[in-house]
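Chemist: Following this line is target-v4.pdb, made up of PDB, C-alpha atoms:
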ATOM      1  CA  MET Z   1    -105.881 -76.241 -52.946  1.00  0.00           C
ATOM      2  CA  PHE Z   2    -105.904 -76.613 -49.183  1.00  0.00           C
ATOM      3  CA  LEU Z   3    -102.395 -75.136 -49.008  1.00  0.00           C
ATOM      4  CA  LEU Z   4    -103.398 -72.382 -51.427  1.00  0.00           C
ATOM      5  CA  GLY Z   5    -106.409 -71.621 -49.252  1.00  0.00           C
ATOM      6  CA  ALA Z   6    -104.228 -71.463 -46.144  1.00  0.00           C
ATOM      7  CA  LEU Z   7    -101.763 -69.192 -47.938  1.00  0.00           C
ATOM      8  CA  CYS Z   8    -104.589 -66.986 -49.165  1.00  0.00           C
ATOM      9  CA  SER Z   9    -105.985 -66.809 -45.654  1.00  0.00           C
ATOM     10  CA  ALA Z  10    -102.613 -65.793 -44.239  1.00  0.00           C
ATOM     11  CA  LEU Z  11    -101.691 -63.261 -46.930  1.00  0.00           C
ATOM     12  CA  PHE Z  12    -105.028 -61.752 -47.926  1.00  0.00           C
ATOM     13  CA  GLY Z  13    -107.038 -62.135 -44.731  1.00  0.00           C
ATOM     14  CA  ALA Z  14    -109.318 -64.943 -45.931  1.00  0.00           C
ATOM     15  CA  SER Z  15    -110.317 -63.139 -49.134  1.00  0.00           C
ATOM     16  CA  LEU Z  16    -112.704 -65.375 -51.025  1.00  0.00           C
ATOM     17  CA  THR Z  17    -112.221 -63.333 -54.190  1.00  0.00           C
ATOM     18  CA  ALA Z  18    -108.451 -63.826 -54.109  1.00  0.00           C
ATOM     19  CA  TYR Z  19    -109.002 -67.545 -53.550  1.00  0.00           C
ATOM     20  CA  GLY Z  20    -111.389 -67.709 -56.512  1.00  0.00           C
ATOM     21  CA  VAL Z  21    -108.977 -65.864 -58.784  1.00  0.00           C
ATOM     22  CA  LEU Z  22    -106.149 -68.210 -57.793  1.00  0.00           C
ATOM     23  CA  PHE Z  23    -108.416 -71.208 -58.360  1.00  0.00           C
ATOM     24  CA  LEU Z  24    -108.722 -70.539 -62.100  1.00  0.00           C
ATOM     25  CA  PRO Z  25    -105.033 -71.109 -62.982  1.00  0.00           C
ATOM     26  CA  VAL Z  26    -105.014 -74.205 -60.774  1.00  0.00           C
ATOM     27  CA  SER Z  27    -107.969 -75.544 -62.766  1.00  0.00           C
ATOM     28  CA  VAL Z  28    -106.140 -74.908 -66.025  1.00  0.00           C
ATOM     29  CA  LEU Z  29    -102.959 -76.557 -64.774  1.00  0.00           C
ATOM     30  CA  THR Z  30    -104.894 -79.546 -63.478  1.00  0.00           C
ATOM     31  CA  ALA Z  31    -106.550 -80.064 -66.853  1.00  0.00           C
ATOM     32  CA  LEU Z  32    -103.220 -79.724 -68.661  1.00  0.00           C
ATOM     33  CA  TRP Z  33    -101.172 -81.966 -66.366  1.00  0.00           C
ATOM     34  CA  VAL Z  34    -103.577 -84.869 -65.920  1.00  0.00           C
ATOM     35  CA  ARG Z  35    -102.539 -88.115 -67.615  1.00  0.00           C
ATOM     36  CA  ARG Z  36    -104.214 -89.126 -70.852  1.00  0.00           C
ATOM     37  CA  GLY Z  37    -105.879 -92.101 -69.233  1.00  0.00           C
ATOM     38  CA  ASP Z  38    -107.391 -89.937 -66.505  1.00  0.00           C
ATOM     39  CA  LEU Z  39    -108.638 -87.067 -68.662  1.00  0.00           C
ATOM     40  CA  MET Z  40    -112.255 -87.313 -67.623  1.00  0.00           C
ATOM     41  CA  THR Z  41    -111.436 -87.137 -63.922  1.00  0.00           C
ATOM     42  CA  ALA Z  42    -110.134 -83.539 -64.028  1.00  0.00           C
ATOM     43  CA  PRO Z  43    -113.580 -81.879 -64.214  1.00  0.00           C
ATOM     44  CA  VAL Z  44    -114.655 -84.029 -61.254  1.00  0.00           C
ATOM     45  CA  VAL Z  45    -111.593 -83.424 -59.080  1.00  0.00           C
ATOM     46  CA  VAL Z  46    -111.481 -79.651 -59.592  1.00  0.00           C
ATOM     47  CA  PRO Z  47    -114.728 -78.839 -57.695  1.00  0.00           C
ATOM     48  CA  ILE Z  48    -113.765 -81.210 -54.890  1.00  0.00           C
ATOM     49  CA  ALA Z  49    -110.412 -79.458 -54.565  1.00  0.00           C
ATOM     50  CA  PHE Z  50    -112.190 -76.088 -54.520  1.00  0.00           C
ATOM     51  CA  ALA Z  51    -114.355 -77.194 -51.595  1.00  0.00           C
ATOM     52  CA  VAL Z  52    -111.393 -78.621 -49.662  1.00  0.00           C
ATOM     53  CA  GLY Z  53    -109.404 -75.433 -50.220  1.00  0.00           C
ATOM     54  CA  LEU Z  54    -112.249 -73.338 -48.841  1.00  0.00           C
ATOM     55  CA  LEU Z  55    -111.867 -74.833 -45.371  1.00  0.00           C
ATOM     56  CA  PRO Z  56    -109.116 -72.433 -44.201  1.00  0.00           C
ATOM     57  CA  VAL Z  57    -110.639 -69.477 -46.061  1.00  0.00           C
ATOM     58  CA  ALA Z  58    -114.305 -69.786 -45.116  1.00  0.00           C
ATOM     59  CA  ASP Z  59    -115.395 -67.671 -42.188  1.00  0.00           C
ATOM     60  CA  GLY Z  60    -116.926 -69.889 -39.595  1.00  0.00           C
ATOM     61  CA  GLU Z  61    -117.493 -69.646 -35.906  1.00  0.00           C
ATOM     62  CA  ASP Z  62    -115.981 -72.064 -33.425  1.00  0.00           C
ATOM     63  CA  GLY Z  63    -117.099 -75.649 -33.661  1.00  0.00           C
ATOM     64  CA  THR Z  64    -118.021 -78.038 -36.391  1.00  0.00           C
ATOM     65  CA  GLY Z  65    -121.425 -76.508 -37.067  1.00  0.00           C
ATOM     66  CA  GLY Z  66    -120.008 -73.016 -37.507  1.00  0.00           C
ATOM     67  CA  THR Z  67    -117.264 -74.241 -39.801  1.00  0.00           C
ATOM     68  CA  LEU Z  68    -119.753 -76.223 -41.866  1.00  0.00           C
ATOM     69  CA  MET Z  69    -122.063 -73.208 -42.129  1.00  0.00           C
ATOM     70  CA  GLY Z  70    -119.135 -71.021 -43.223  1.00  0.00           C
ATOM     71  CA  LEU Z  71    -118.162 -73.596 -45.839  1.00  0.00           C
ATOM     72  CA  VAL Z  72    -121.693 -73.843 -47.233  1.00  0.00           C
ATOM     73  CA  THR Z  73    -122.004 -70.050 -47.318  1.00  0.00           C
ATOM     74  CA  ALA Z  74    -118.647 -69.704 -49.077  1.00  0.00           C
ATOM     75  CA  LEU Z  75    -119.642 -72.346 -51.638  1.00  0.00           C
ATOM     76  CA  ALA Z  76    -122.910 -70.521 -52.292  1.00  0.00           C
ATOM     77  CA  THR Z  77    -121.349 -67.081 -52.650  1.00  0.00           C
ATOM     78  CA  GLN Z  78    -118.332 -68.218 -54.681  1.00  0.00           C
ATOM     79  CA  ALA Z  79    -120.200 -70.513 -57.071  1.00  0.00           C
ATOM     80  CA  GLY Z  80    -119.167 -68.379 -60.035  1.00  0.00           C
ATOM     81  CA  TRP Z  81    -115.485 -69.123 -59.482  1.00  0.00           C
ATOM     82  CA  LEU Z  82    -116.299 -72.789 -58.953  1.00  0.00           C
ATOM     83  CA  TYR Z  83    -118.333 -73.049 -62.151  1.00  0.00           C
ATOM     84  CA  GLY Z  84    -115.782 -71.030 -64.105  1.00  0.00           C
ATOM     85  CA  GLY Z  85    -112.856 -73.214 -63.057  1.00  0.00           C
ATOM     86  CA  THR Z  86    -114.807 -76.388 -63.702  1.00  0.00           C
ATOM     87  CA  LEU Z  87    -115.882 -75.123 -67.128  1.00  0.00           C
ATOM     88  CA  VAL Z  88    -112.320 -74.196 -68.088  1.00  0.00           C
ATOM     89  CA  ALA Z  89    -111.022 -77.582 -66.938  1.00  0.00           C
ATOM     90  CA  GLY Z  90    -113.813 -79.358 -68.796  1.00  0.00           C
ATOM     91  CA  LEU Z  91    -113.164 -77.488 -72.036  1.00  0.00           C
ATOM     92  CA  ILE Z  92    -109.430 -78.179 -71.903  1.00  0.00           C
ATOM     93  CA  VAL Z  93    -110.071 -81.851 -71.204  1.00  0.00           C
ATOM     94  CA  ILE Z  94    -112.536 -82.117 -74.092  1.00  0.00           C
ATOM     95  CA  VAL Z  95    -110.049 -80.531 -76.493  1.00  0.00           C
ATOM     96  CA  ARG Z  96    -107.288 -82.852 -75.289  1.00  0.00           C
ATOM     97  CA  ARG Z  97    -109.579 -85.871 -75.656  1.00  0.00           C
ATOM     98  CA  ILE Z  98    -110.592 -84.894 -79.202  1.00  0.00           C
ATOM     99  CA  ARG Z  99    -106.940 -84.484 -80.182  1.00  0.00           C
ATOM    100  CA  LEU Z 100    -106.087 -87.859 -78.621  1.00  0.00           C
ATOM    101  CA  VAL Z 101    -108.875 -89.649 -80.481  1.00  0.00           C
ATOM    102  CA  HIS Z 102    -107.906 -87.925 -83.732  1.00  0.00           C
ATOM    103  CA  ARG Z 103    -104.265 -89.013 -83.320  1.00  0.00           C
ATOM    104  CA  ARG Z 104    -105.306 -92.606 -82.667  1.00  0.00           C
ATOM    105  CA  ARG Z 105    -107.534 -92.679 -85.729  1.00  0.00           C
ATOM    106  CA  THR Z 106    -104.892 -91.226 -88.029  1.00  0.00           C
ATOM    107  CA  ALA Z 107    -102.233 -93.582 -86.654  1.00  0.00           C
ATOM    108  CA  GLY Z 108    -104.527 -96.564 -87.208  1.00  0.00           C
ATOM    109  CA  SER Z 109    -105.412 -95.606 -90.788  1.00  0.00           C
ATOM    110  CA  ARG Z 110    -101.819 -95.350 -92.032  1.00  0.00           C
ATOM    111  CA  PRO Z 111    -100.806 -98.195 -94.338  1.00  0.00           C
ATOM    112  CA  PRO Z 112     -98.017-100.449 -93.055  1.00  0.00           C
ATOM    113  CA  VAL Z 113     -94.583 -99.745 -94.446  1.00  0.00           C
TER     114      VAL Z 113
END
Take the structure in the file and give it back as C-alpha cells.
Modeler:
Amino acid sequence: MFLLGALCSALFGASLTAYGVLFLPVSVLTALWVRRGDLMTAPVVVPIAFAVGLLPVADGEDGTGGTLMGLVTALATQAGWLYGGTLVAGLIVIVRRIRLVHRRRTAGSRPPV
C-alpha cells in the first residue's frame, strides 16, 4: 500500500479519492490470497496497510508534526474507504472460514472406506 500510495501521489497528484478507490481491490485481493491459517488476520492488516499507504498521499507540511496532522486528517476524511475495504475483506474472510469449517466437518463425517 505504501508503494501504491507513492504511485498515486506521483500519477494523480496525491488524490485521496484515487487512493481510496485503489484500496478496495487491494482489500479484496488480500482477503482472497491470505493463507487458511491466517484468515482472521486479513481484516486487521487491511486498515494498518491503509494508514501506511496514506503517508505519501497525505498533505502535510514540513516536519513530523505536519506530516502527522496530514495523516490524521486524511484518515478522518477517507474513513469511508477504510471502512468499506475492511468490511469487504471481513466478509470475504468470513465466507472463506465458513466454507473451510464446512469442508472439515463433511470430511470428518464420511465413513472410512
Chemist: May I have the protein, DNA and RNA residues with any atom at most 12 Å from the point (-102.5, -69.2, -48.0), counting all atoms listed in the file, written as number ranges by chain?
Modeler: Z: 1-16, 18-19, 22, 53-57
Chemist: Dump C-alpha atoms for the selected residues as an mmCIF file, keeping the file's coordinate frame?
Modeler:
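What follows is the written file out.cif:
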data_model
loop_
_atom_site.group_PDB
_atom_site.id
_atom_site.type_symbol
_atom_site.label_atom_id
_atom_site.label_comp_id
_atom_site.auth_asym_id
_atom_site.auth_seq_id
_atom_site.Cartn_x
_atom_site.Cartn_y
_atom_site.Cartn_z
ATOM 1 C CA MET Z 1 -105.881 -76.241 -52.946
ATOM 2 C CA PHE Z 2 -105.904 -76.613 -49.183
ATOM 3 C CA LEU Z 3 -102.395 -75.136 -49.008
ATOM 4 C CA LEU Z 4 -103.398 -72.382 -51.427
ATOM 5 C CA GLY Z 5 -106.409 -71.621 -49.252
ATOM 6 C CA ALA Z 6 -104.228 -71.463 -46.144
ATOM 7 C CA LEU Z 7 -101.763 -69.192 -47.938
ATOM 8 C CA CYS Z 8 -104.589 -66.986 -49.165
ATOM 9 C CA SER Z 9 -105.985 -66.809 -45.654
ATOM 10 C CA ALA Z 10 -102.613 -65.793 -44.239
ATOM 11 C CA LEU Z 11 -101.691 -63.261 -46.930
ATOM 12 C CA PHE Z 12 -105.028 -61.752 -47.926
ATOM 13 C CA GLY Z 13 -107.038 -62.135 -44.731
ATOM 14 C CA ALA Z 14 -109.318 -64.943 -45.931
ATOM 15 C CA SER Z 15 -110.317 -63.139 -49.134
ATOM 16 C CA LEU Z 16 -112.704 -65.375 -51.025
ATOM 17 C CA ALA Z 18 -108.451 -63.826 -54.109
ATOM 18 C CA TYR Z 19 -109.002 -67.545 -53.550
ATOM 19 C CA LEU Z 22 -106.149 -68.210 -57.793
ATOM 20 C CA GLY Z 53 -109.404 -75.433 -50.220
ATOM 21 C CA LEU Z 54 -112.249 -73.338 -48.841
ATOM 22 C CA LEU Z 55 -111.867 -74.833 -45.371
ATOM 23 C CA PRO Z 56 -109.116 -72.433 -44.201
ATOM 24 C CA VAL Z 57 -110.639 -69.477 -46.061
#
Chemist: Mind pulling up the distance from CA of Val101 in chain Z to CA of Leu24 in chain Z?
Modeler: 26.5 Å
Chemist: Compile the contact shell of Leu75 in chain Z as a list in words: residues with an atom at most 8 Å away, counting all atoms listed in the file, same-chain residues fewer than 3 positions apart removed.
Modeler: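 Within the cut-off, the hits are Ala51, Leu54, Leu71, Val72, Gln78 and Ala79 of chain Z.
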Chemist: With only C-alpha atoms as the counted atoms, please give the residues lying no more than 12 Å from Leu100 in chain Z, apart from itself and same-chain residues fewer than 6 positions off, as a ChimeraX atom specification.
Modeler: /Z:35-37,39,93-94,106-107
Chemist: If we count only C-alpha atoms and set the cut-off at 8 Å, which residues sit around Gly60 in chain Z, ignoring sequence neighbours fewer than 6 positions away in its own chain? Please answer as a PDB file with C-alpha atoms, keeping the file's coordinate frame.
Modeler:
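Wrote around10.pdb, looks like this:
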ATOM      1  CA  GLY Z  66    -120.008 -73.016 -37.507  1.00  0.00           C
ATOM      2  CA  THR Z  67    -117.264 -74.241 -39.801  1.00  0.00           C
ATOM      3  CA  LEU Z  68    -119.753 -76.223 -41.866  1.00  0.00           C
ATOM      4  CA  MET Z  69    -122.063 -73.208 -42.129  1.00  0.00           C
ATOM      5  CA  GLY Z  70    -119.135 -71.021 -43.223  1.00  0.00           C
ATOM      6  CA  LEU Z  71    -118.162 -73.596 -45.839  1.00  0.00           C
TER       7      LEU Z  71
END
Chemist: Around range 20-25 of chain Z, fit a box with edges along x, y and z, padding it by 8 Å on each side, then list its centre and edge lengths in Å to one decimal as JSON.
Modeler:
{"center_x": -108.2, "center_y": -68.5, "center_z": -59.7, "size_x": 22.4, "size_y": 21.3, "size_z": 22.5}
Chemist: As a check of understanding, name the residues that the PyMOL selection byres ((chain Z and resi 92) around 12) selects in the supplied structure, as a PyMOL selection string.
Modeler: chain Z and resi 27-34+39-40+42-43+85-91+93-99
Chemist: Just give me the gap between CA of Val21 in chain Z and CA of Phe50 in chain Z in Å, one decimal is fine.
Modeler: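 Between CA of Val21 in chain Z and CA of Phe50 in chain Z the gap works out to 11.5 Å.
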Chemist: Kindly give the distance, in Å, that separates CA of Gly84 in chain Z and CA of Thr17 in chain Z, rounded to a single decimal.
Modeler: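 Calculated distance between CA of Gly84 in chain Z and CA of Thr17 in chain Z is 13.0 Å.
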Chemist: Output requested as a short mmCIF file (atom, residue, chain, number, x, y, z; two decimals), in the coordinates of the input - range 3-24 of chain Z, filled out with N, CA and C atoms.
Modeler:
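Okay, selection11.cif is ready:
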data_model
loop_
_atom_site.label_atom_id
_atom_site.label_comp_id
_atom_site.auth_asym_id
_atom_site.auth_seq_id
_atom_site.Cartn_x
_atom_site.Cartn_y
_atom_site.Cartn_z
N LEU Z 3 -103.55 -75.99 -49.30
CA LEU Z 3 -102.40 -75.14 -49.01
C LEU Z 3 -102.57 -73.75 -49.61
N LEU Z 4 -103.14 -73.67 -50.81
CA LEU Z 4 -103.40 -72.38 -51.43
C LEU Z 4 -104.43 -71.60 -50.62
N GLY Z 5 -105.42 -72.28 -50.11
CA GLY Z 5 -106.41 -71.62 -49.25
C GLY Z 5 -105.80 -71.11 -47.96
N ALA Z 6 -104.91 -71.90 -47.36
CA ALA Z 6 -104.23 -71.46 -46.14
C ALA Z 6 -103.32 -70.27 -46.43
N LEU Z 7 -102.62 -70.30 -47.55
CA LEU Z 7 -101.76 -69.19 -47.94
C LEU Z 7 -102.59 -67.94 -48.22
N CYS Z 8 -103.70 -68.11 -48.88
CA CYS Z 8 -104.59 -66.99 -49.16
C CYS Z 8 -105.16 -66.41 -47.88
N SER Z 9 -105.47 -67.26 -46.94
CA SER Z 9 -105.98 -66.81 -45.65
C SER Z 9 -104.93 -66.03 -44.89
N ALA Z 10 -103.69 -66.48 -44.96
CA ALA Z 10 -102.61 -65.79 -44.24
C ALA Z 10 -102.22 -64.47 -44.90
N LEU Z 11 -102.17 -64.46 -46.23
CA LEU Z 11 -101.69 -63.26 -46.93
C LEU Z 11 -102.79 -62.24 -47.16
N PHE Z 12 -103.97 -62.67 -47.52
CA PHE Z 12 -105.03 -61.75 -47.93
C PHE Z 12 -106.16 -61.65 -46.91
N GLY Z 13 -106.00 -62.23 -45.76
CA GLY Z 13 -107.04 -62.14 -44.73
C GLY Z 13 -108.31 -62.87 -45.10
N ALA Z 14 -108.18 -64.08 -45.58
CA ALA Z 14 -109.32 -64.94 -45.93
C ALA Z 14 -110.19 -64.31 -47.00
N SER Z 15 -109.58 -63.74 -48.02
CA SER Z 15 -110.32 -63.14 -49.13
C SER Z 15 -110.81 -64.23 -50.07
N LEU Z 16 -112.12 -64.37 -50.15
CA LEU Z 16 -112.70 -65.38 -51.02
C LEU Z 16 -112.50 -65.02 -52.50
N THR Z 17 -112.45 -63.75 -52.80
CA THR Z 17 -112.22 -63.33 -54.19
C THR Z 17 -110.81 -63.70 -54.63
N ALA Z 18 -109.83 -63.45 -53.77
CA ALA Z 18 -108.45 -63.83 -54.11
C ALA Z 18 -108.33 -65.33 -54.28
N TYR Z 19 -109.01 -66.09 -53.43
CA TYR Z 19 -109.00 -67.54 -53.55
C TYR Z 19 -109.62 -67.98 -54.87
N GLY Z 20 -110.74 -67.37 -55.26
CA GLY Z 20 -111.39 -67.71 -56.51
C GLY Z 20 -110.53 -67.39 -57.72
N VAL Z 21 -109.86 -66.24 -57.68
CA VAL Z 21 -108.98 -65.86 -58.78
C VAL Z 21 -107.81 -66.85 -58.89
N LEU Z 22 -107.25 -67.26 -57.78
CA LEU Z 22 -106.15 -68.21 -57.79
C LEU Z 22 -106.60 -69.62 -58.18
N PHE Z 23 -107.88 -69.90 -58.01
CA PHE Z 23 -108.42 -71.21 -58.36
C PHE Z 23 -108.43 -71.43 -59.87
N LEU Z 24 -108.64 -70.38 -60.65
CA LEU Z 24 -108.72 -70.54 -62.10
C LEU Z 24 -107.43 -71.08 -62.72
#
